[in-house]
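What follows is the content of input.txt (compact mmCIF, C-alpha atoms and all ligand atoms).
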```txt
# COMPACT_ATOMS: atom_id res chain seq x y z
CA MET A 214 -0.43 29.32 208.00
CA TYR A 215 3.07 30.55 208.85
CA LYS A 216 6.19 29.27 207.14
CA VAL A 217 9.00 28.90 209.68
CA THR A 218 12.61 27.85 209.07
CA LEU A 219 13.49 24.99 211.41
CA ILE A 220 17.16 24.20 212.09
CA PRO A 221 17.43 20.97 214.13
CA GLY A 222 21.10 21.62 215.02
CA ASP A 223 23.75 19.42 216.66
CA GLY A 224 23.91 17.18 219.74
CA ILE A 225 20.58 17.22 221.59
CA GLY A 226 19.19 19.69 218.99
CA PRO A 227 17.29 17.16 216.82
CA GLU A 228 15.72 15.53 219.93
CA VAL A 229 14.53 18.75 221.56
CA THR A 230 13.37 20.40 218.32
CA SER A 231 11.37 17.30 217.39
CA ALA A 232 9.68 17.44 220.83
CA MET A 233 8.97 21.14 220.25
CA VAL A 234 7.37 20.48 216.84
CA LYS A 235 5.05 17.83 218.38
CA VAL A 236 3.95 20.23 221.12
CA VAL A 237 3.43 23.19 218.76
CA GLU A 238 1.40 21.03 216.38
CA ALA A 239 -0.70 19.64 219.25
CA SER A 240 -1.47 23.22 220.34
CA GLY A 241 -3.27 23.75 217.02
CA ALA A 242 -0.80 26.31 215.61
CA ASP A 243 -0.75 26.15 211.82
CA ILE A 244 2.94 26.11 210.94
CA ASP A 245 4.61 24.90 207.78
CA TRP A 246 8.16 23.95 208.85
CA GLU A 247 10.94 24.45 206.31
CA ILE A 248 13.65 22.16 207.69
CA VAL A 249 17.21 23.25 206.88
CA GLU A 250 20.33 21.58 208.19
CA ALA A 251 23.21 23.52 209.70
CA GLY A 252 25.99 22.38 212.00
CA GLU A 253 29.09 20.27 212.40
CA ALA A 254 28.12 17.51 209.96
CA LEU A 255 28.04 19.96 207.02
CA ILE A 256 31.56 21.28 207.41
CA GLU A 257 33.14 18.57 205.26
CA LYS A 258 30.70 19.09 202.38
CA TYR A 259 30.27 22.86 202.41
CA ASN A 260 33.41 24.02 204.23
CA THR A 261 31.13 25.90 206.61
CA ALA A 262 28.66 24.86 209.30
CA ILE A 263 26.18 27.38 207.98
CA PRO A 264 25.74 27.17 204.20
CA ASP A 265 24.12 30.10 202.37
CA TYR A 266 20.82 28.22 201.98
CA VAL A 267 20.26 28.54 205.75
CA ILE A 268 20.58 32.32 205.70
CA ASP A 269 18.48 32.48 202.49
CA SER A 270 15.69 30.44 204.08
CA ILE A 271 15.57 32.69 207.16
CA LYS A 272 15.65 35.84 205.02
CA LYS A 273 12.75 34.47 202.97
CA ASN A 274 10.56 33.26 205.87
CA LYS A 275 11.68 36.04 208.26
CA ILE A 276 11.25 33.69 211.17
CA ALA A 277 13.23 30.68 212.37
CA ILE A 278 13.63 28.40 215.34
CA LYS A 279 16.88 26.56 215.84
CA GLY A 280 18.46 23.87 217.94
CA PRO A 281 21.93 24.47 219.37
CA ILE A 282 25.00 24.13 217.18
CA THR A 283 28.40 22.91 218.33
CA THR A 284 31.27 25.39 218.05
CA PRO A 285 34.80 23.97 218.21
CA ILE A 286 36.71 25.60 221.08
CA GLY A 287 39.88 27.58 220.37
CA LYS A 288 40.13 26.60 216.69
CA GLY A 289 38.27 26.09 213.43
CA PHE A 290 35.15 27.81 212.20
CA LYS A 291 33.56 30.98 213.43
CA SER A 292 30.50 30.22 215.57
CA VAL A 293 27.34 29.63 213.55
CA ASN A 294 25.42 31.63 216.12
CA VAL A 295 27.68 34.66 215.83
CA THR A 296 27.54 34.40 212.02
CA LEU A 297 23.73 34.21 212.01
CA ARG A 298 23.32 37.10 214.43
CA GLN A 299 25.72 39.32 212.49
CA ASN A 300 24.53 38.39 208.96
CA LEU A 301 20.86 38.89 209.80
CA ASP A 302 21.57 41.84 212.11
CA LEU A 303 19.68 40.18 214.95
CA TYR A 304 20.68 42.92 217.36
CA VAL A 305 18.77 41.83 220.46
CA ASN A 306 18.98 38.60 222.40
CA LEU A 307 15.96 38.45 224.67
CA ARG A 308 16.06 35.91 227.50
CA PRO A 309 13.23 35.75 230.05
CA ILE A 310 14.21 34.01 233.31
CA LYS A 311 11.15 32.89 235.25
CA SER A 312 10.59 30.37 238.04
CA PHE A 313 8.10 27.56 237.45
CA LYS A 314 6.17 26.33 240.48
CA GLY A 315 7.16 22.71 241.02
CA ILE A 316 10.74 23.00 239.74
CA LYS A 317 13.06 22.73 242.71
CA SER A 318 15.58 25.56 242.73
CA ARG A 319 17.12 27.99 245.19
CA TYR A 320 14.52 30.68 244.47
CA GLU A 321 10.81 30.52 243.85
CA GLU A 322 9.82 33.95 242.60
CA VAL A 323 12.39 34.93 240.00
CA ASP A 324 10.94 36.89 237.10
CA LEU A 325 13.50 38.92 235.21
CA VAL A 326 14.44 39.50 231.61
CA ILE A 327 17.92 39.77 230.13
CA VAL A 328 18.24 41.95 227.03
CA ARG A 329 21.66 41.21 225.55
CA GLU A 330 23.28 43.20 222.75
CA ASN A 331 23.86 40.58 220.09
CA THR A 332 26.20 41.85 217.37
CA GLU A 333 29.36 43.36 218.80
CA ASP A 334 31.59 43.53 221.93
CA LEU A 335 34.33 40.95 222.57
CA TYR A 336 31.82 38.27 221.56
CA ALA A 337 32.04 39.36 217.92
CA GLY A 338 35.35 37.49 217.80
CA ILE A 339 37.44 40.22 216.16
CA GLU A 340 40.88 38.94 217.09
CA HIS A 341 44.35 38.35 215.75
CA LYS A 342 47.63 36.84 216.78
CA ILE A 343 50.65 38.92 217.73
CA GLY A 344 53.24 36.49 216.35
CA ASP A 345 53.87 33.64 218.78
CA TYR A 346 53.91 36.11 221.64
CA GLY A 347 50.24 36.81 222.18
CA ALA A 348 46.80 37.45 220.79
CA GLU A 349 44.52 40.44 220.78
CA SER A 350 40.70 40.54 220.90
CA ILE A 351 39.00 43.79 220.05
CA LYS A 352 36.03 44.99 222.08
CA LEU A 353 34.11 47.07 219.59
CA ILE A 354 31.17 49.02 221.02
CA THR A 355 29.28 51.52 218.86
CA LYS A 356 26.75 54.15 219.77
CA PRO A 357 24.04 53.02 217.28
CA ALA A 358 24.23 49.43 218.57
CA CYS A 359 23.99 50.63 222.21
CA GLU A 360 21.12 52.92 221.33
CA ARG A 361 18.95 50.35 219.59
CA VAL A 362 19.41 47.63 222.23
CA CYS A 363 18.73 50.06 225.09
CA LYS A 364 15.63 51.38 223.27
CA PHE A 365 14.45 47.80 222.84
CA ALA A 366 14.88 47.20 226.60
CA PHE A 367 12.85 50.29 227.56
CA GLU A 368 10.16 49.59 224.95
CA TYR A 369 9.95 46.00 226.21
CA ALA A 370 9.60 47.26 229.79
CA LYS A 371 6.84 49.68 228.73
CA ASP A 372 4.90 47.09 226.71
CA ASN A 373 5.17 44.39 229.36
CA ASN A 374 4.39 46.50 232.39
CA ARG A 375 7.85 46.09 233.87
CA GLN A 376 8.92 48.44 236.65
CA LYS A 377 12.65 48.99 236.19
CA VAL A 378 15.48 48.69 233.66
CA THR A 379 19.02 48.06 234.91
CA GLY A 380 22.03 48.73 232.65
CA VAL A 381 24.95 46.37 233.33
CA HIS A 382 28.52 47.42 232.42
CA LYS A 383 32.15 47.67 233.54
CA ALA A 384 32.56 51.37 232.78
CA ASN A 385 34.78 51.91 235.83
CA ILE A 386 37.55 50.01 234.03
CA MET A 387 36.62 50.14 230.32
CA LYS A 388 35.82 53.82 230.45
CA LEU A 389 35.55 54.32 226.70
CA SER A 390 33.75 51.20 225.43
CA ASP A 391 31.53 50.37 228.40
CA GLY A 392 31.45 54.09 229.18
CA LEU A 393 29.77 54.62 225.80
CA PHE A 394 27.28 51.86 226.59
CA LEU A 395 26.50 53.37 230.01
CA ASN A 396 26.12 56.95 228.75
CA THR A 397 23.88 55.82 225.91
CA PHE A 398 21.80 53.73 228.32
CA LYS A 399 21.26 56.80 230.51
CA GLU A 400 20.41 59.03 227.52
CA VAL A 401 17.84 56.51 226.28
CA GLY A 402 16.46 56.00 229.81
CA GLU A 403 15.80 59.76 230.16
CA GLN A 404 13.35 59.48 227.25
CA TYR A 405 11.08 57.03 229.11
CA ASP A 406 8.86 57.26 232.13
CA ILE A 407 10.36 54.10 233.66
CA ASN A 408 12.75 53.74 236.61
CA PHE A 409 16.29 52.85 235.67
CA ASP A 410 19.59 52.28 237.39
CA ASP A 411 22.95 50.75 236.51
CA LEU A 412 25.23 48.15 237.98
CA ILE A 413 28.82 47.00 237.46
CA VAL A 414 28.82 43.48 236.03
CA ASP A 415 30.75 41.82 238.88
CA ALA A 416 28.37 43.33 241.45
CA ALA A 417 25.49 42.24 239.22
CA ALA A 418 26.72 38.62 239.39
CA MET A 419 26.75 38.71 243.20
CA ASN A 420 23.47 40.58 243.58
CA LEU A 421 21.67 38.25 241.18
CA VAL A 422 22.68 35.30 243.34
CA LEU A 423 21.79 37.07 246.61
CA ASN A 424 18.60 38.91 245.63
CA PRO A 425 17.35 38.08 242.14
CA GLU A 426 13.92 39.52 243.03
CA ASN A 427 15.48 43.02 242.95
CA TYR A 428 15.84 42.84 239.15
CA ASP A 429 13.32 43.26 236.41
CA VAL A 430 14.63 44.09 232.91
CA MET A 431 18.44 44.09 232.56
CA VAL A 432 20.24 45.32 229.44
CA MET A 433 23.93 44.74 228.76
CA PRO A 434 26.69 44.28 226.19
CA ASN A 435 27.04 40.90 224.49
CA LEU A 436 29.59 39.01 226.63
CA TYR A 437 28.09 40.00 230.01
CA GLY A 438 24.70 38.89 228.66
CA ASP A 439 26.13 35.53 227.64
CA ILE A 440 27.56 34.89 231.12
CA LEU A 441 24.77 36.36 233.24
CA SER A 442 22.04 34.50 231.36
CA ASP A 443 23.66 31.15 232.22
CA LEU A 444 24.03 32.34 235.82
CA CYS A 445 20.35 33.31 235.87
CA SER A 446 19.31 29.96 234.41
CA GLY A 447 20.94 28.41 237.48
CA LEU A 448 18.62 30.44 239.72
CA VAL A 449 15.50 28.79 238.35
CA GLY A 450 16.44 25.19 237.58
CA GLY A 451 19.17 25.24 234.93
CA LEU A 452 19.82 25.60 231.24
CA GLY A 453 17.18 23.05 230.26
CA ILE A 454 14.37 25.55 230.76
CA ILE A 455 15.51 28.99 229.59
CA PRO A 456 14.31 30.21 226.18
CA GLY A 457 15.63 32.96 223.97
CA ALA A 458 14.90 35.07 220.92
CA ASN A 459 17.35 36.78 218.56
CA ILE A 460 15.44 39.73 217.17
CA GLY A 461 16.31 42.10 214.34
CA LYS A 462 14.47 44.66 212.25
CA ASP A 463 13.58 42.14 209.53
CA CYS A 464 13.89 38.63 211.02
CA ALA A 465 13.75 36.76 214.32
CA VAL A 466 15.47 33.50 215.27
CA PHE A 467 14.24 31.70 218.37
CA GLU A 468 16.51 29.33 220.28
CA ALA A 469 17.18 27.93 223.73
CA VAL A 470 19.99 29.44 225.79
CA HIS A 471 21.69 26.06 226.19
CA GLY A 472 24.22 24.44 223.87
CA SER A 473 24.34 21.07 222.11
CA ALA A 474 25.12 19.12 225.34
CA PRO A 475 27.08 16.38 223.52
CA GLN A 476 27.39 14.26 226.70
CA ILE A 477 23.67 13.55 226.76
CA ALA A 478 22.92 13.62 223.02
CA GLY A 479 21.07 10.64 221.53
CA LYS A 480 20.00 9.29 224.95
CA ASN A 481 16.42 10.60 224.93
CA ILE A 482 17.00 12.37 228.27
CA ALA A 483 17.43 16.04 227.28
CA ASN A 484 14.91 18.52 228.61
CA PRO A 485 13.05 20.15 225.69
CA THR A 486 11.43 22.88 227.85
CA ALA A 487 13.83 25.62 226.74
CA ILE A 488 13.10 25.18 223.03
CA ILE A 489 9.38 24.69 223.73
CA GLN A 490 9.40 27.98 225.66
CA SER A 491 11.29 29.54 222.74
CA ALA A 492 8.42 28.36 220.52
CA VAL A 493 5.98 30.03 222.93
CA MET A 494 7.91 33.28 222.43
CA MET A 495 7.78 32.71 218.67
CA LEU A 496 4.03 32.12 218.67
CA ARG A 497 3.50 35.36 220.63
CA TYR A 498 5.77 37.17 218.17
CA LEU A 499 3.51 35.84 215.39
CA GLY A 500 0.41 36.99 217.29
CA GLU A 501 -0.71 33.38 218.02
CA TYR A 502 -1.46 34.14 221.68
CA LYS A 503 -4.03 31.39 222.17
CA CYS A 504 -1.67 28.56 221.18
CA ALA A 505 1.21 30.17 223.11
CA ASN A 506 -0.87 30.45 226.29
CA LYS A 507 -2.10 26.87 225.94
CA ILE A 508 1.47 25.52 225.75
CA GLU A 509 2.66 27.68 228.65
CA SER A 510 -0.20 26.55 230.83
CA ALA A 511 0.41 22.87 229.92
CA LEU A 512 4.06 23.27 230.94
CA GLU A 513 2.99 24.87 234.25
CA GLN A 514 0.70 21.94 234.98
CA VAL A 515 3.34 19.33 234.14
CA PHE A 516 5.81 21.00 236.52
CA LEU A 517 3.22 21.49 239.25
CA LYS A 518 2.25 17.83 239.09
CA GLY A 519 5.96 16.92 239.05
CA GLU A 520 5.47 13.28 238.06
CA LYS A 521 7.12 13.30 234.64
CA LEU A 522 10.23 15.45 234.95
CA THR A 523 13.47 15.00 233.02
CA VAL A 524 16.71 13.99 234.75
CA ASP A 525 18.14 17.55 234.96
CA LEU A 526 15.10 18.51 237.08
CA GLY A 527 15.47 15.53 239.41
CA GLY A 528 13.00 13.23 237.61
CA ASN A 529 13.49 10.12 235.50
CA ALA A 530 11.22 10.74 232.53
CA SER A 531 12.66 10.53 229.03
CA THR A 532 12.39 13.41 226.55
CA ASP A 533 9.54 11.54 224.85
CA GLU A 534 7.62 10.83 228.08
CA PHE A 535 7.93 14.45 229.19
CA THR A 536 6.72 15.62 225.76
CA GLU A 537 3.72 13.27 225.85
CA GLU A 538 2.83 14.60 229.30
CA ILE A 539 2.76 18.18 227.96
CA ILE A 540 0.60 17.10 225.03
CA LYS A 541 -1.80 15.39 227.47
CA TYR A 542 -2.44 18.77 229.12
CA LEU A 543 -2.99 20.50 225.79
P1 LIG B 601 25.67 23.18 227.09
O1 LIG B 601 24.57 24.16 227.30
O2 LIG B 601 25.57 22.32 225.88
O3 LIG B 601 25.76 22.23 228.37
C1 LIG B 601 26.01 22.72 229.69
C2 LIG B 601 25.42 21.74 230.71
O4 LIG B 601 23.99 21.83 230.70
C3 LIG B 601 25.73 20.27 230.40
O5 LIG B 601 25.87 19.60 231.63
C4 LIG B 601 24.49 19.78 229.68
O6 LIG B 601 24.28 18.39 229.78
C5 LIG B 601 23.39 20.58 230.38
N1 LIG B 601 22.25 20.85 229.49
C6 LIG B 601 22.21 21.78 228.50
N2 LIG B 601 21.03 21.75 227.90
C7 LIG B 601 20.30 20.80 228.49
C8 LIG B 601 18.98 20.29 228.30
N3 LIG B 601 18.15 20.77 227.35
N4 LIG B 601 18.54 19.27 229.09
C9 LIG B 601 19.33 18.78 230.05
N5 LIG B 601 20.59 19.22 230.30
C10 LIG B 601 21.07 20.21 229.52
O7 LIG B 601 27.04 24.00 227.10
P2 LIG B 601 28.50 23.59 226.68
O8 LIG B 601 28.78 22.18 227.14
O9 LIG B 601 29.36 24.69 227.14
O10 LIG B 601 28.49 23.62 225.10
C11 LIG B 601 28.37 22.49 224.23
C12 LIG B 601 28.43 22.96 222.79
O11 LIG B 601 27.29 23.79 222.49
C13 LIG B 601 29.67 23.83 222.46
O12 LIG B 601 30.14 23.46 221.19
C14 LIG B 601 29.11 25.25 222.42
O13 LIG B 601 29.85 26.09 221.59
C15 LIG B 601 27.71 25.01 221.89
N6 LIG B 601 26.74 26.07 222.25
C16 LIG B 601 25.83 26.39 221.30
C17 LIG B 601 24.86 27.32 221.59
C18 LIG B 601 23.86 27.65 220.52
O14 LIG B 601 23.84 27.02 219.48
N7 LIG B 601 23.00 28.62 220.74
C19 LIG B 601 24.79 27.91 222.86
C20 LIG B 601 25.72 27.53 223.82
C21 LIG B 601 26.69 26.60 223.51
```
As structure tokens, what does this structure read like?
Ligand code: NAD
Amino acid sequence: MYKVTLIPGDGIGPEVTSAMVKVVEASGADIDWEIVEAGEALIEKYNTAIPDYVIDSIKKNKIAIKGPITTPIGKGFKSVNVTLRQNLDLYVNLRPIKSFKGIKSRYEEVDLVIVRENTEDLYAGIEHKIGDYGAESIKLITKPACERVCKFAFEYAKDNNRQKVTGVHKANIMKLSDGLFLNTFKEVGEQYDINFDDLIVDAAAMNLVLNPENYDVMVMPNLYGDILSDLCSGLVGGLGIIPGANIGKDCAVFEAVHGSAPQIAGKNIANPTAIIQSAVMMLRYLGEYKCANKIESALEQVFLKGEKLTVDLGGNASTDEFTEEIIKYL
């Protein structure tokens, strides 16, 4: 039995994580969930959306799966996600983007993986005001952080029989920070027997929309990874289906790419596929391949049949009906 920290989260989080738990349990995986609350509702009581007990639970169990957490825009508390990633040194954000047969989208054969640096860059939120006149955000890029994320990308490519790694950057303009990322990417790439190339982030955005099949593993600094993974989710059916894993040396936290979607929260219409696919990644990380494969194949059959799809995928099934359909195929 594995003990896993489960953070239901805000907005649609409790609905999609509860669907995920039902599916994982129906697959036969033996998981003891340690449920810990984090998010908006705790701010009044703890003066933070992520009390210490959350971090302690993840450090103890070494593995967690979380629903999305709301981050106030332009004010208030530092993002829970950024705090978690930095405190636990979860230096990689791994996001596989794959088409499912049966989900209508602009492309049918997308199969690429985004490896996003997860601890620094503009996304770290190091910023300060310059009086009333302006504000300054610092883009911190360090060689060790570039090295370990690029190594992860090449190791991932090697282990998963991927053919190419593309480094994404804006080193033509940010010659020092992104230049360091690019040079490190090339140095690491030279150590592997895998094809690699690099691409400027704006060109990457266009090329991904025109020819996503040209990409395999893509590694990039934090902010570009944030933006391009949402773009890529749009290539295969939207945010409701894309999973993710935050991976560090000691712990891993699995979560969907999407946010708390407050507009649809509490309506039993959210698509739980993304968090269910995150659980599939988690089960593989734990070595529970049989249960992971069973869930993945049940999802494939539900999409292929296409009778019980959630609203975001053009269907009219509720979260519960969609979940029951997956369990039927397990
Ligand atoms: P969002 O991902 O919540 O929503 C974007 C769009 O996608 C909305 O139209 C939403 O309805 C739809 N959507 C998202 N997930 C869906 C699902 N599972 N099923 C069906 N439709 C889905 O992004 P946002 O609106 O920019 O952010 C809302 C809040 O979530 C913000 O506070 C943001 O900071 C937070 N957020 C948290 C995380 C996280 O915890 N990892 C990630 C992104 C955003």
Each residue of segment 383-479 of chain A lying at most 12 Å from segment 277-300 of chain A should get a row with its shortest atom-to-atom pair and the distance in Å to one decimal, counting only C-alpha atoms; could you produce that, ordered by chain and increasing number, as CSV?
```
residue,atom,partner,partner_atom,distance
A:Asn435,CA,A:Val295,CA,10.7
A:Leu436,CA,A:Val295,CA,11.8
A:Asp439,CA,A:Val295,CA,11.9
A:Gly453,CA,A:Pro281,CA,12.0
A:Pro456,CA,A:Ile278,CA,11.0
A:Gly457,CA,A:Ile278,CA,10.0
A:Ala458,CA,A:Ile278,CA,8.8
A:Asn459,CA,A:Arg298,CA,7.3
A:Ile460,CA,A:Arg298,CA,8.7
A:Gly461,CA,A:Arg298,CA,8.6
A:Lys462,CA,A:Arg298,CA,11.8
A:Asp463,CA,A:Asn300,CA,11.6
A:Cys464,CA,A:Ala277,CA,8.1
A:Ala465,CA,A:Ala277,CA,6.4
A:Val466,CA,A:Ala277,CA,4.6
A:Phe467,CA,A:Ile278,CA,4.5
A:Glu468,CA,A:Lys279,CA,5.2
A:Ala469,CA,A:Gly280,CA,7.2
A:Val470,CA,A:Pro281,CA,8.3
A:His471,CA,A:Pro281,CA,7.0
A:Gly472,CA,A:Pro281,CA,5.0
A:Ser473,CA,A:Pro281,CA,5.0
A:Ala474,CA,A:Thr283,CA,8.6
A:Pro475,CA,A:Thr283,CA,8.4
A:Ala478,CA,A:Pro281,CA,11.5
```
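Between atom CA of Cys359 of chain A and atom CA of Leu395 of chain A there is a distance of 8.6 Å.
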field: Shell around Ile351 of chain A at 9 Å using all atoms listed in the file, local window under 2 positions removed, as a ChimeraX atom specification
entry: /A:334-335,337-341,349,353
Please write the residues from the selection above to a file, keeping C-alpha atoms, as a PDB file, keeping the file's coordinate frame.
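The resulting file, out00.pdb, is shown below:
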```
ATOM      1  CA  ASP A 334      31.590  43.530 221.930  1.00  0.00           C
ATOM      2  CA  LEU A 335      34.330  40.950 222.570  1.00  0.00           C
ATOM      3  CA  ALA A 337      32.040  39.360 217.920  1.00  0.00           C
ATOM      4  CA  GLY A 338      35.350  37.490 217.800  1.00  0.00           C
ATOM      5  CA  ILE A 339      37.440  40.220 216.160  1.00  0.00           C
ATOM      6  CA  GLU A 340      40.880  38.940 217.090  1.00  0.00           C
ATOM      7  CA  HIS A 341      44.350  38.350 215.750  1.00  0.00           C
ATOM      8  CA  GLU A 349      44.520  40.440 220.780  1.00  0.00           C
ATOM      9  CA  LEU A 353      34.110  47.070 219.590  1.00  0.00           C
TER      10      LEU A 353
END
```
message: I want to know what sits within 12 Å of segment 482-484 of chain A, based on all atoms listed in the file, with residues of the same chain fewer than 6 positions away left out; could you give that as number ranges by chain?
response: A: 224-233, 450-456, 469, 471-476, 490, 521-536
message: Quick one: residues within 7 Å of segment 259-271 of chain A, all atoms listed in the file, excluding same-chain residues fewer than 6 positions away - as a list of chain:residue names?
response: A:Thr218, A:Val249, A:Ala251, A:Gly252, A:Glu253, A:Ala277, A:Val293
